[in-house]
Structure formats: C-alpha cells, structure tokens
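Shown next: final_33.txt, containing compact mmCIF, C-alpha atoms.
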```
# COMPACT_ATOMS: atom_id res chain seq x y z
CA MET P 1 97.23 -56.10 -75.69
CA LYS P 2 99.35 -57.69 -73.03
CA VAL P 3 101.06 -56.59 -69.90
CA THR P 4 103.70 -58.62 -68.21
CA PRO P 5 107.44 -58.69 -68.21
CA VAL P 6 108.31 -55.58 -66.17
CA SER P 7 111.79 -54.15 -66.08
CA TYR P 8 113.57 -53.54 -62.83
CA VAL P 9 114.75 -50.31 -64.46
CA LEU P 10 113.34 -47.27 -62.67
CA ILE P 11 110.78 -45.70 -64.99
CA PHE P 12 109.82 -42.17 -63.99
CA LEU P 13 106.13 -41.42 -64.48
CA VAL P 14 106.75 -38.17 -66.30
CA PHE P 15 107.01 -37.53 -69.98
CA LEU P 16 110.78 -37.13 -70.07
CA SER P 17 113.50 -37.31 -67.45
CA ALA P 18 117.23 -37.91 -67.30
CA VAL P 19 119.72 -39.24 -64.75
CA LEU P 20 123.41 -38.44 -64.75
CA TYR P 21 125.97 -41.07 -63.77
CA ALA P 22 129.61 -41.90 -64.41
CA GLN P 23 131.01 -44.82 -66.37
CA ASP P 24 134.81 -44.83 -66.23
CA ASP P 25 135.80 -41.34 -67.41
CA THR P 26 132.72 -40.89 -69.59
CA THR P 27 129.66 -38.99 -68.40
CA MET P 28 126.62 -41.15 -69.13
CA TYR P 29 122.95 -40.27 -69.01
CA LYS P 30 119.91 -42.45 -68.52
CA VAL P 31 116.88 -40.93 -70.18
CA SER P 32 113.37 -42.26 -69.53
CA VAL P 33 110.16 -41.60 -71.45
CA THR P 34 106.62 -42.70 -70.64
CA LYS P 35 103.66 -42.18 -72.95
CA TYR P 36 100.26 -43.78 -73.52
CA LEU P 37 100.16 -45.40 -76.97
CA MET P 38 98.47 -48.41 -78.57
CA GLY P 39 96.11 -48.86 -75.63
CA THR P 40 98.90 -49.22 -73.07
CA THR P 41 101.70 -47.37 -71.32
CA VAL P 42 104.89 -47.38 -73.39
CA GLU P 43 108.01 -46.97 -71.25
CA THR P 44 111.54 -46.55 -72.54
CA THR P 45 114.84 -46.15 -70.75
CA ALA P 46 118.00 -45.49 -72.77
CA ARG P 47 121.56 -44.62 -71.85
CA SER P 48 123.95 -42.48 -73.81
CA SER P 49 126.83 -40.06 -73.44
CA ASP P 50 124.99 -37.56 -75.66
CA ILE P 51 121.86 -36.55 -73.79
CA ASN P 52 120.49 -34.28 -76.50
CA ASN P 53 120.81 -36.93 -79.19
CA CYS P 54 119.27 -39.47 -76.84
CA LYS P 55 116.24 -37.26 -76.20
CA LYS P 56 115.78 -36.57 -79.90
CA ALA P 57 116.10 -40.29 -80.72
CA LEU P 58 113.50 -41.22 -78.12
CA MET P 59 111.06 -38.62 -79.41
CA SER P 60 111.58 -39.93 -82.95
CA ALA P 61 110.97 -43.50 -81.78
CA TYR P 62 107.68 -42.50 -80.18
CA GLU P 63 106.62 -40.65 -83.28
CA GLU P 64 107.32 -43.81 -85.29
CA MET P 65 105.25 -45.97 -82.94
CA GLN P 66 102.42 -43.45 -83.11
CA ARG P 67 102.59 -43.62 -86.91
CA VAL P 68 102.31 -47.42 -86.81
CA GLU P 69 99.31 -47.20 -84.48
CA ASN P 70 97.60 -44.72 -86.80
CA LEU P 71 98.22 -47.06 -89.71
CA LEU P 72 97.25 -50.42 -88.20
CA SER P 73 94.84 -49.90 -85.30
CA CYS P 74 91.30 -51.14 -85.89
CA GLN P 75 90.25 -48.75 -83.11
CA LYS P 76 91.08 -45.75 -85.30
CA ASP P 77 88.54 -45.06 -88.06
CA SER P 78 91.19 -43.34 -90.15
CA SER P 79 93.55 -46.34 -90.22
CA GLU P 80 94.09 -48.53 -93.26
CA ILE P 81 92.95 -51.56 -91.25
CA SER P 82 89.63 -49.83 -90.53
CA ALA P 83 89.27 -49.09 -94.24
CA ILE P 84 89.74 -52.79 -94.98
CA ASN P 85 87.17 -53.71 -92.34
CA HIS P 86 84.58 -51.21 -93.59
CA ALA P 87 84.85 -52.65 -97.11
CA SER P 88 84.59 -56.32 -96.08
CA GLY P 89 82.55 -58.33 -98.56
CA ILE P 90 82.26 -55.31 -100.85
CA HIS P 91 85.56 -54.50 -102.56
CA PRO P 92 89.33 -54.70 -102.16
CA VAL P 93 91.04 -51.76 -100.50
CA LYS P 94 94.20 -50.15 -101.80
CA VAL P 95 96.70 -49.92 -98.95
CA SER P 96 100.31 -48.90 -98.43
CA TYR P 97 103.04 -51.42 -99.09
CA GLU P 98 103.76 -51.46 -95.35
CA THR P 99 100.18 -52.43 -94.46
CA MET P 100 100.09 -55.04 -97.20
CA GLU P 101 103.30 -56.58 -95.87
CA MET P 102 101.91 -56.51 -92.34
CA MET P 103 98.80 -58.34 -93.54
CA ARG P 104 100.90 -60.83 -95.47
CA ARG P 105 102.96 -61.64 -92.40
CA ALA P 106 99.88 -61.75 -90.18
CA LYS P 107 98.20 -64.24 -92.48
CA ALA P 108 101.38 -66.31 -92.52
CA TYR P 109 101.39 -66.45 -88.72
CA CYS P 110 97.75 -67.56 -88.80
CA GLY P 111 98.68 -70.42 -91.13
CA LYS P 112 101.79 -71.34 -89.17
CA TYR P 113 99.74 -71.48 -85.98
CA HIS P 114 96.88 -73.45 -87.54
CA GLY P 115 94.26 -70.72 -87.05
CA VAL P 116 94.64 -70.84 -83.27
CA PHE P 117 96.09 -67.38 -83.83
CA ASP P 118 93.70 -65.63 -86.23
CA VAL P 119 93.65 -61.90 -86.98
CA THR P 120 90.08 -62.11 -88.34
CA ILE P 121 88.93 -62.40 -84.70
CA GLY P 122 87.68 -58.78 -85.03
CA PRO P 123 83.90 -59.43 -84.94
CA LEU P 124 84.25 -61.41 -81.70
CA SER P 125 86.67 -58.90 -80.18
CA SER P 126 84.13 -56.17 -80.83
CA LEU P 127 81.30 -58.28 -79.40
CA TRP P 128 83.13 -58.87 -76.12
CA GLY P 129 84.32 -55.27 -76.01
CA PHE P 130 87.50 -55.65 -73.99
CA SER P 131 89.30 -53.18 -76.27
CA GLU P 132 86.48 -50.66 -76.16
CA ASP P 133 85.16 -48.25 -73.57
CA LYS P 134 81.95 -50.05 -72.69
CA GLU P 135 80.49 -52.25 -69.99
CA ILE P 136 81.56 -55.88 -70.34
CA VAL P 137 78.66 -58.32 -70.33
CA LEU P 138 78.53 -62.00 -71.19
CA PRO P 139 77.53 -62.21 -74.89
CA ASP P 140 74.64 -64.34 -76.05
CA SER P 141 75.90 -67.77 -77.13
CA ASN P 142 73.88 -67.64 -80.36
CA GLU P 143 75.54 -64.35 -81.31
CA ILE P 144 78.95 -65.90 -80.71
CA LYS P 145 78.07 -68.86 -82.95
CA LYS P 146 76.90 -66.47 -85.66
CA LEU P 147 80.09 -64.43 -85.60
CA LEU P 148 82.34 -67.50 -85.55
CA LYS P 149 81.40 -68.00 -89.22
CA LEU P 150 83.23 -64.75 -90.00
CA VAL P 151 86.50 -65.83 -88.38
CA ASN P 152 88.76 -67.47 -90.95
CA TYR P 153 92.14 -66.07 -91.99
CA ARG P 154 91.86 -67.99 -95.29
CA ASP P 155 89.22 -65.44 -96.35
CA ILE P 156 91.81 -62.66 -96.42
CA ASP P 157 92.68 -61.97 -100.05
CA ILE P 158 95.98 -60.11 -100.51
CA ASN P 159 96.93 -58.91 -103.97
CA GLU P 160 100.61 -58.03 -103.86
CA LYS P 161 100.62 -56.75 -107.44
CA ASP P 162 98.25 -53.86 -106.76
CA THR P 163 98.70 -53.78 -102.93
CA THR P 164 95.09 -54.43 -102.06
CA VAL P 165 93.51 -56.37 -99.21
CA PHE P 166 90.01 -57.84 -99.36
CA LEU P 167 87.95 -59.59 -96.71
CA LYS P 168 85.72 -61.96 -98.63
CA LYS P 169 82.72 -62.01 -96.29
CA ARG P 170 80.57 -59.05 -95.32
CA GLY P 171 80.99 -58.37 -91.61
CA MET P 172 84.52 -59.74 -91.35
CA SER P 173 87.05 -57.55 -89.61
CA ILE P 174 90.75 -57.57 -88.84
CA ASP P 175 92.08 -57.08 -85.32
CA LEU P 176 95.88 -56.90 -85.22
CA GLY P 177 95.98 -56.56 -81.44
CA GLY P 178 98.03 -59.75 -81.18
CA ILE P 179 100.78 -58.62 -83.51
CA ALA P 180 100.77 -54.87 -84.38
CA LYS P 181 102.06 -53.71 -81.02
CA GLY P 182 105.05 -55.98 -81.42
CA TYR P 183 105.68 -54.52 -84.87
CA ALA P 184 105.48 -51.01 -83.46
CA ILE P 185 108.09 -51.93 -80.85
CA ASP P 186 110.36 -53.26 -83.59
CA ARG P 187 109.97 -50.04 -85.56
CA GLY P 188 110.64 -47.86 -82.52
CA SER P 189 113.72 -49.93 -81.70
CA ALA P 190 114.97 -49.63 -85.26
CA VAL P 191 114.70 -45.85 -85.06
CA LEU P 192 116.69 -45.75 -81.82
CA ARG P 193 119.45 -47.90 -83.28
CA LYS P 194 119.56 -45.88 -86.49
CA LEU P 195 120.03 -42.70 -84.44
CA GLY P 196 122.91 -44.21 -82.46
CA ILE P 197 121.16 -45.40 -79.29
CA THR P 198 122.24 -49.00 -78.69
CA ASP P 199 121.57 -49.46 -74.95
CA PHE P 200 117.85 -49.29 -74.17
CA ILE P 201 114.76 -51.15 -73.08
CA LEU P 202 111.45 -50.42 -74.80
CA ASN P 203 108.38 -51.80 -73.04
CA ALA P 204 104.84 -51.49 -74.41
CA GLY P 205 102.72 -53.20 -71.80
CA GLY P 206 104.75 -56.39 -71.83
CA ASP P 207 105.85 -56.38 -75.46
CA ILE P 208 109.52 -55.57 -74.98
CA TYR P 209 112.70 -55.12 -76.96
CA VAL P 210 115.97 -55.06 -75.03
CA SER P 211 119.13 -53.69 -76.65
CA GLY P 212 122.64 -53.65 -75.27
CA THR P 213 123.14 -53.49 -71.53
CA LYS P 214 121.88 -51.59 -68.50
CA ASP P 215 125.41 -50.40 -67.82
CA ARG P 216 128.84 -51.48 -68.95
CA ASP P 217 128.91 -54.74 -66.95
CA THR P 218 125.21 -55.45 -66.27
CA GLU P 219 122.58 -56.95 -68.54
CA TRP P 220 119.00 -55.81 -68.35
CA LYS P 221 116.99 -57.86 -65.86
CA LEU P 222 113.32 -58.51 -66.49
CA GLY P 223 110.56 -59.92 -64.35
CA ILE P 224 107.42 -61.83 -65.30
CA LYS P 225 104.41 -60.74 -63.30
CA HIS P 226 102.51 -63.33 -61.36
CA PRO P 227 99.14 -63.64 -63.12
CA ARG P 228 97.15 -63.69 -59.89
CA TYR P 229 99.37 -61.66 -57.54
CA THR P 230 100.36 -58.93 -59.96
CA ASN P 231 102.48 -57.06 -57.43
CA ASP P 232 104.69 -60.16 -57.27
CA LEU P 233 106.90 -61.89 -59.82
CA ALA P 234 106.54 -65.41 -61.14
CA ALA P 235 110.07 -65.42 -62.58
CA GLU P 236 113.02 -63.24 -63.54
CA PHE P 237 115.67 -63.45 -66.25
CA ASN P 238 118.35 -61.53 -68.15
CA LEU P 239 118.04 -60.38 -71.73
CA LYS P 240 120.18 -58.64 -74.36
CA ASP P 241 119.44 -57.71 -77.99
CA TYR P 242 116.23 -59.73 -78.01
CA SER P 243 112.47 -59.46 -77.61
CA VAL P 244 109.98 -60.84 -75.13
CA ALA P 245 106.19 -60.80 -75.05
CA THR P 246 103.64 -62.08 -72.58
CA SER P 247 99.97 -62.87 -73.04
CA GLY P 248 98.01 -62.86 -69.81
CA ASP P 249 94.41 -63.10 -68.63
CA TYR P 250 94.79 -60.44 -65.93
CA GLU P 251 94.92 -57.03 -67.60
CA ARG P 252 91.63 -56.91 -69.50
CA PHE P 253 89.12 -59.11 -67.79
CA LYS P 254 85.89 -59.21 -65.84
CA ILE P 255 84.62 -61.72 -63.30
CA ILE P 256 81.04 -62.72 -64.13
CA ASN P 257 79.26 -65.22 -61.88
CA GLY P 258 82.61 -66.25 -60.44
CA VAL P 259 84.21 -66.91 -63.86
CA ARG P 260 87.09 -64.85 -65.27
CA TYR P 261 86.44 -63.66 -68.83
CA HIS P 262 89.36 -61.96 -70.59
CA HIS P 263 90.41 -60.54 -73.95
CA ILE P 264 92.42 -63.45 -75.38
CA LEU P 265 89.73 -65.19 -77.41
CA ASN P 266 89.91 -68.68 -78.88
CA PRO P 267 88.97 -68.45 -82.59
CA ALA P 268 87.54 -71.99 -82.44
CA THR P 269 85.04 -71.27 -79.65
CA GLY P 270 84.62 -67.50 -79.52
CA TYR P 271 85.27 -67.59 -75.78
CA PRO P 272 88.37 -66.66 -73.78
CA GLY P 273 91.10 -69.30 -73.67
CA ARG P 274 91.04 -71.48 -70.57
CA LEU P 275 94.34 -73.39 -70.61
CA SER P 276 96.70 -70.66 -69.39
CA GLU P 277 96.98 -67.73 -67.03
CA SER P 278 99.96 -66.32 -68.92
CA SER P 279 102.54 -67.25 -71.54
CA THR P 280 105.93 -65.63 -72.11
CA ILE P 281 107.92 -66.02 -75.32
CA LEU P 282 111.40 -64.84 -76.29
CA ALA P 283 112.05 -64.19 -79.99
CA PRO P 284 114.32 -62.17 -82.31
CA THR P 285 111.56 -59.61 -82.96
CA ALA P 286 108.76 -58.26 -80.81
CA GLU P 287 106.28 -58.99 -83.61
CA GLU P 288 107.20 -62.67 -83.61
CA ALA P 289 107.14 -62.87 -79.82
CA ASP P 290 103.77 -61.11 -79.73
CA ALA P 291 101.99 -63.46 -82.13
CA THR P 292 103.62 -66.56 -80.66
CA ALA P 293 102.71 -65.65 -77.07
CA THR P 294 99.04 -65.45 -78.05
CA TYR P 295 99.23 -68.82 -79.79
CA VAL P 296 100.97 -70.52 -76.87
CA PHE P 297 98.51 -69.05 -74.38
CA LEU P 298 95.62 -70.63 -76.29
CA LEU P 299 97.48 -73.85 -77.04
CA GLY P 300 98.32 -74.58 -73.40
CA TRP P 301 101.59 -75.69 -71.85
CA LYS P 302 101.40 -79.41 -72.64
CA LYS P 303 101.03 -79.02 -76.40
CA ALA P 304 103.32 -75.99 -76.53
CA LEU P 305 106.25 -77.71 -74.85
CA ASP P 306 105.73 -80.85 -76.97
CA ASP P 307 105.61 -78.90 -80.25
CA LYS P 308 108.98 -79.41 -81.95
CA ASP P 309 108.29 -76.52 -84.32
CA LEU P 310 108.07 -74.00 -81.46
CA ASN P 311 111.77 -73.25 -81.17
CA TYR P 312 111.38 -70.44 -78.68
CA PRO P 313 112.36 -70.02 -75.05
CA MET P 314 108.99 -70.06 -73.27
CA LEU P 315 107.40 -70.01 -69.85
CA ILE P 316 103.71 -70.76 -69.32
CA VAL P 317 101.67 -70.35 -66.17
CA ALA P 318 98.91 -72.94 -66.54
CA SER P 319 95.28 -72.46 -65.56
CA ASP P 320 95.96 -74.20 -62.25
CA GLY P 321 98.83 -71.80 -61.46
CA SER P 322 101.64 -74.28 -62.12
CA VAL P 323 104.70 -72.94 -63.96
CA HIS P 324 106.19 -74.72 -66.98
CA TYR P 325 109.20 -73.77 -69.12
CA ASN P 326 111.64 -75.31 -71.55
CA ASN P 327 115.39 -75.87 -71.39
CA ALA P 328 116.10 -73.07 -73.85
CA PHE P 329 114.74 -70.53 -71.38
CA GLU P 330 116.28 -72.08 -68.30
CA LYS P 331 119.81 -72.52 -69.61
CA ASN P 332 120.43 -69.40 -71.67
CA TYR P 333 118.81 -66.50 -69.83
CA ASN P 334 119.57 -67.01 -66.13
CA LEU P 335 115.94 -67.90 -65.53
CA GLU P 336 114.90 -67.97 -61.89
CA VAL P 337 111.38 -69.15 -61.09
CA ILE P 338 110.11 -67.59 -57.90
CA LYS P 339 108.21 -70.07 -55.77
```
Take the structure in the file and give it back as structure tokens.
Amino acid sequence: MKVTPVSYVLIFLVFLSAVLYAQDDTTMYKVSVTKYLMGTTVETTARSSDINNCKKALMSAYEEMQRVENLLSCQKDSSEISAINHASGIHPVKVSYETMEMMRRAKAYCGKYHGVFDVTIGPLSSLWGFSEDKEIVLPDSNEIKKLLKLVNYRDIDINEKDTTVFLKKRGMSIDLGGIAKGYAIDRGSAVLRKLGITDFILNAGGDIYVSGTKDRDTEWKLGIKHPRYTNDLAAEFNLKDYSVATSGDYERFKIINGVRYHHILNPATGYPGRLSESSTILAPTAEEADATATYVFLLGWKKALDDKDLNYPMLIVASDGSVHYNNAFEKNYNLEVIK
C-alpha cells in the first residue's frame, strides 16, 4: 500500500533481464525482474555467478508472493481473508494455519500499537475506495460514524485449536493492506535465500528487503522519495540484510476542495491521518516495518520519537514538510538528509 524508498539499482522495465559483469576472476550476473503484484510494481535485482539458478530462484520468489496475495488479499473473493469477511457476524471460518498465524500476528500488532494500527479498518477502506477501481468522492460523515462502530481489533476471535477466525459483528471486515505486503516480501526473500541467492534487493512499492551487497565492496543504497516532489529524494541511506517500509500520503490520494485525502486512514476518526506526509521505518522483517510505518505515520513525529518502546530507526516527514529522525537511523545507516 505504500511507495517510497527507491533503490538506485537500475531496474529494467521488462519481465526479466540480465547484465554480465566481472568480479575478480568470477563472472557475475545481475538479473532484474519486474511484475505487478499486490496492487503495486514489485521489482527485484539479484546478483549471482549462476544465471540459470538466479532466474529460477526469482521466478520461484514471485510465485511465492503471488501465493501470499491469493491467500491474504481482501480484494480477491477467493482468498481466505475474503471468506472471513463474508462470514462476519455469522460464523467462524476455518482457515489455513498460515492465515491463522497471520491474523494472530496482525491482532498482536493492533494491540501493541493501541488500535492506531487496526486491521479491521476494512469497512472504512471500502467506503473511501482508494484500493478499488472507482471514483473517489468525499464520504458522508454520518456513514463514516456508522462504520467506525465496526472497527475494533478486539472483536477478532481467533481459535488456534481449530484454526478458525471469526469477526464478531456483522459488517466487519479485515484489510491487511498495512501488513500483508510486508509478509509477502519476507516470504519472497526467504525463497531466494533458500535457493542460494544472498545478494538482492526486493522492492514492492516501498516495502523492501535488502540482502547482502550490491557488489563485493558496495552496500545497497536506498533513497526516500520526497512526499511532495516525488521525482526528488528527501534522504538516502545504506542498508544490508534488513527491511525498510514507508507509508506516504502521495501514492493513493485525491485533492477535494483543496484538501488532500489519502488511503492511510485513522481508525479513531475514519478520515486520513493528518500528522505526517511520510514515515520510514527500518526493521528486521518487512512485515514488522510495514505495520510500524503505518502506526508511526498516524502517530506523528513528536509522539513517535518520544515513544521509548519504538526501538526502530525512523524518519518522518511531518505535515508541514519538516524532516525528523532518530539517532539510530542517523548513526548506523549513513543517513543523509537532502535539504
């Protein structure tokens, strides 16, 4: 659901391409893949001395991410999440162990982040329509108030014994847009590593996992898009064997009567968050970075940087365009803020 850090790696806009180069006496290949998945462009660049294995590994990684999307996307009627949503207030739904675990972790994030991050935002997401192919109009305030009553992660009932999930109120719905893409990135990365690819960057619209190095002596360099001048960068940094995610108000939005309305909704108000233009989080997994970036975006930079429990490198562009970041980001990742 987010687009921001963009790699300086050259990504060819074709389905599959390879570049030959030399590293010492070993012939190395850089293989790039681009495909539309999970509502965004997923770009991967990997390097390997075995081009055929690299290609096969990349194809397997994309198949894995497609599988995760088919399992967890509320936009797909055949997904297990859609089955849960259709049965809200009626009966529990038997799901796979993987989906149950995803829901368990999602609910835990909701609790950890005090409901500011809430995956039961589905009714409001559907009302606004930023994830759907329809004209965006300003919803009626009374309809927003009505649907707010359906947003409460505590009303998710997970039975681990029989792997069922139940939404207690009729009309509730799950939207994993703030976490499932990160999980898909983690799964795709795991496939690449399992198949012997250890130097790669996997970018799904700003949810990124970086593994190894760009070449023998050079770390991957990432840039954070400027939220208002999206051809420019707000900052740049190095990353290795870690994840980064950015939430921003500039990919899915519409200006109505001079006001920017976007897809990152505040579960407390039903309206788009107003404290940030973007938030970038570094974390061990893309799933964790994904959920935390949404939370920090809605929380705002002042509370986020003061929160002792948020032990993540972070950079937030506030609603007034000012840039704020913590020492963990500045000191450990060669952060350079571009004025």
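Once Asn311 (chain P) and its same-chain neighbours fewer than 5 positions away are set aside, Ile281, Leu282, Ala283, Pro284, Glu288, Ala289, Thr292, Val296, Ala304, Leu305, Asp306, Asn326, Asn327, Ala328 and Phe329 of chain P remain within 12 Å of it when counting only C-alpha atoms.
Among P:Tyr153, P:Trp301, P:Tyr183, P:Tyr312, the residue with the shortest atom-to-atom distance to Val68 (chain P), counting all atoms listed in the file, is P:Tyr183.
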Exercise for the section: Tell me which of P:Ile174, P:Val42, P:Leu147, P:Leu124 sits closest to Ala83 (chain P), counting only C-alpha atoms. Expected result: P:Ile174
Polymer residues at most 9 Å from Ile264 (chain P), only C-alpha atoms, same-chain spacing of 4 or more positions, as a JSON list (two decimals) with C-alpha atoms, in the frame of the given file:
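Saved as selection_4.json:
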```
[["chain", "number", "residue", "atom", "x", "y", "z"],
["P", 1, "MET", "CA", 97.23, -56.10, -75.69],
["P", 125, "SER", "CA", 86.67, -58.90, -80.18],
["P", 178, "GLY", "CA", 98.03, -59.75, -81.18],
["P", 247, "SER", "CA", 99.97, -62.87, -73.04],
["P", 248, "GLY", "CA", 98.01, -62.86, -69.81],
["P", 249, "ASP", "CA", 94.41, -63.10, -68.63],
["P", 252, "ARG", "CA", 91.63, -56.91, -69.50],
["P", 271, "TYR", "CA", 85.27, -67.59, -75.78],
["P", 272, "PRO", "CA", 88.37, -66.66, -73.78],
["P", 273, "GLY", "CA", 91.10, -69.30, -73.67],
["P", 294, "THR", "CA", 99.04, -65.45, -78.05],
["P", 297, "PHE", "CA", 98.51, -69.05, -74.38],
["P", 298, "LEU", "CA", 95.62, -70.63, -76.29]]
```
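Shortest separation to Thr120 (chain P) among P:Lys169, P:His91, P:Lys146, P:Lys161 occurs at residue P:Lys169, atoms counted being only C-alpha atoms.
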Practice task
Have a look at CA of Val191 (chain P) and CA of Arg105 (chain P) and let me know their distance in Å, one decimal.
Solution key: 21.0 Å
Problem - Among the residues P:Lys308, P:Arg154, P:Lys221, P:Arg228, the one that comes closest to Gly111 (chain P) [using all atoms listed in the file] - result: P:Arg154
Practice task
Around the point (121.2, -42.6, -70.0), in the coordinates given by the file, pick out the residues reaching within 6 Å, counting all atoms listed in the file, and return them as an NGL selection string.
Solution key: :P and (28-31 or 46-48)
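Relative to CA of Lys181 (chain P), CA of Gly89 (chain P) is found at 26.6 Å.
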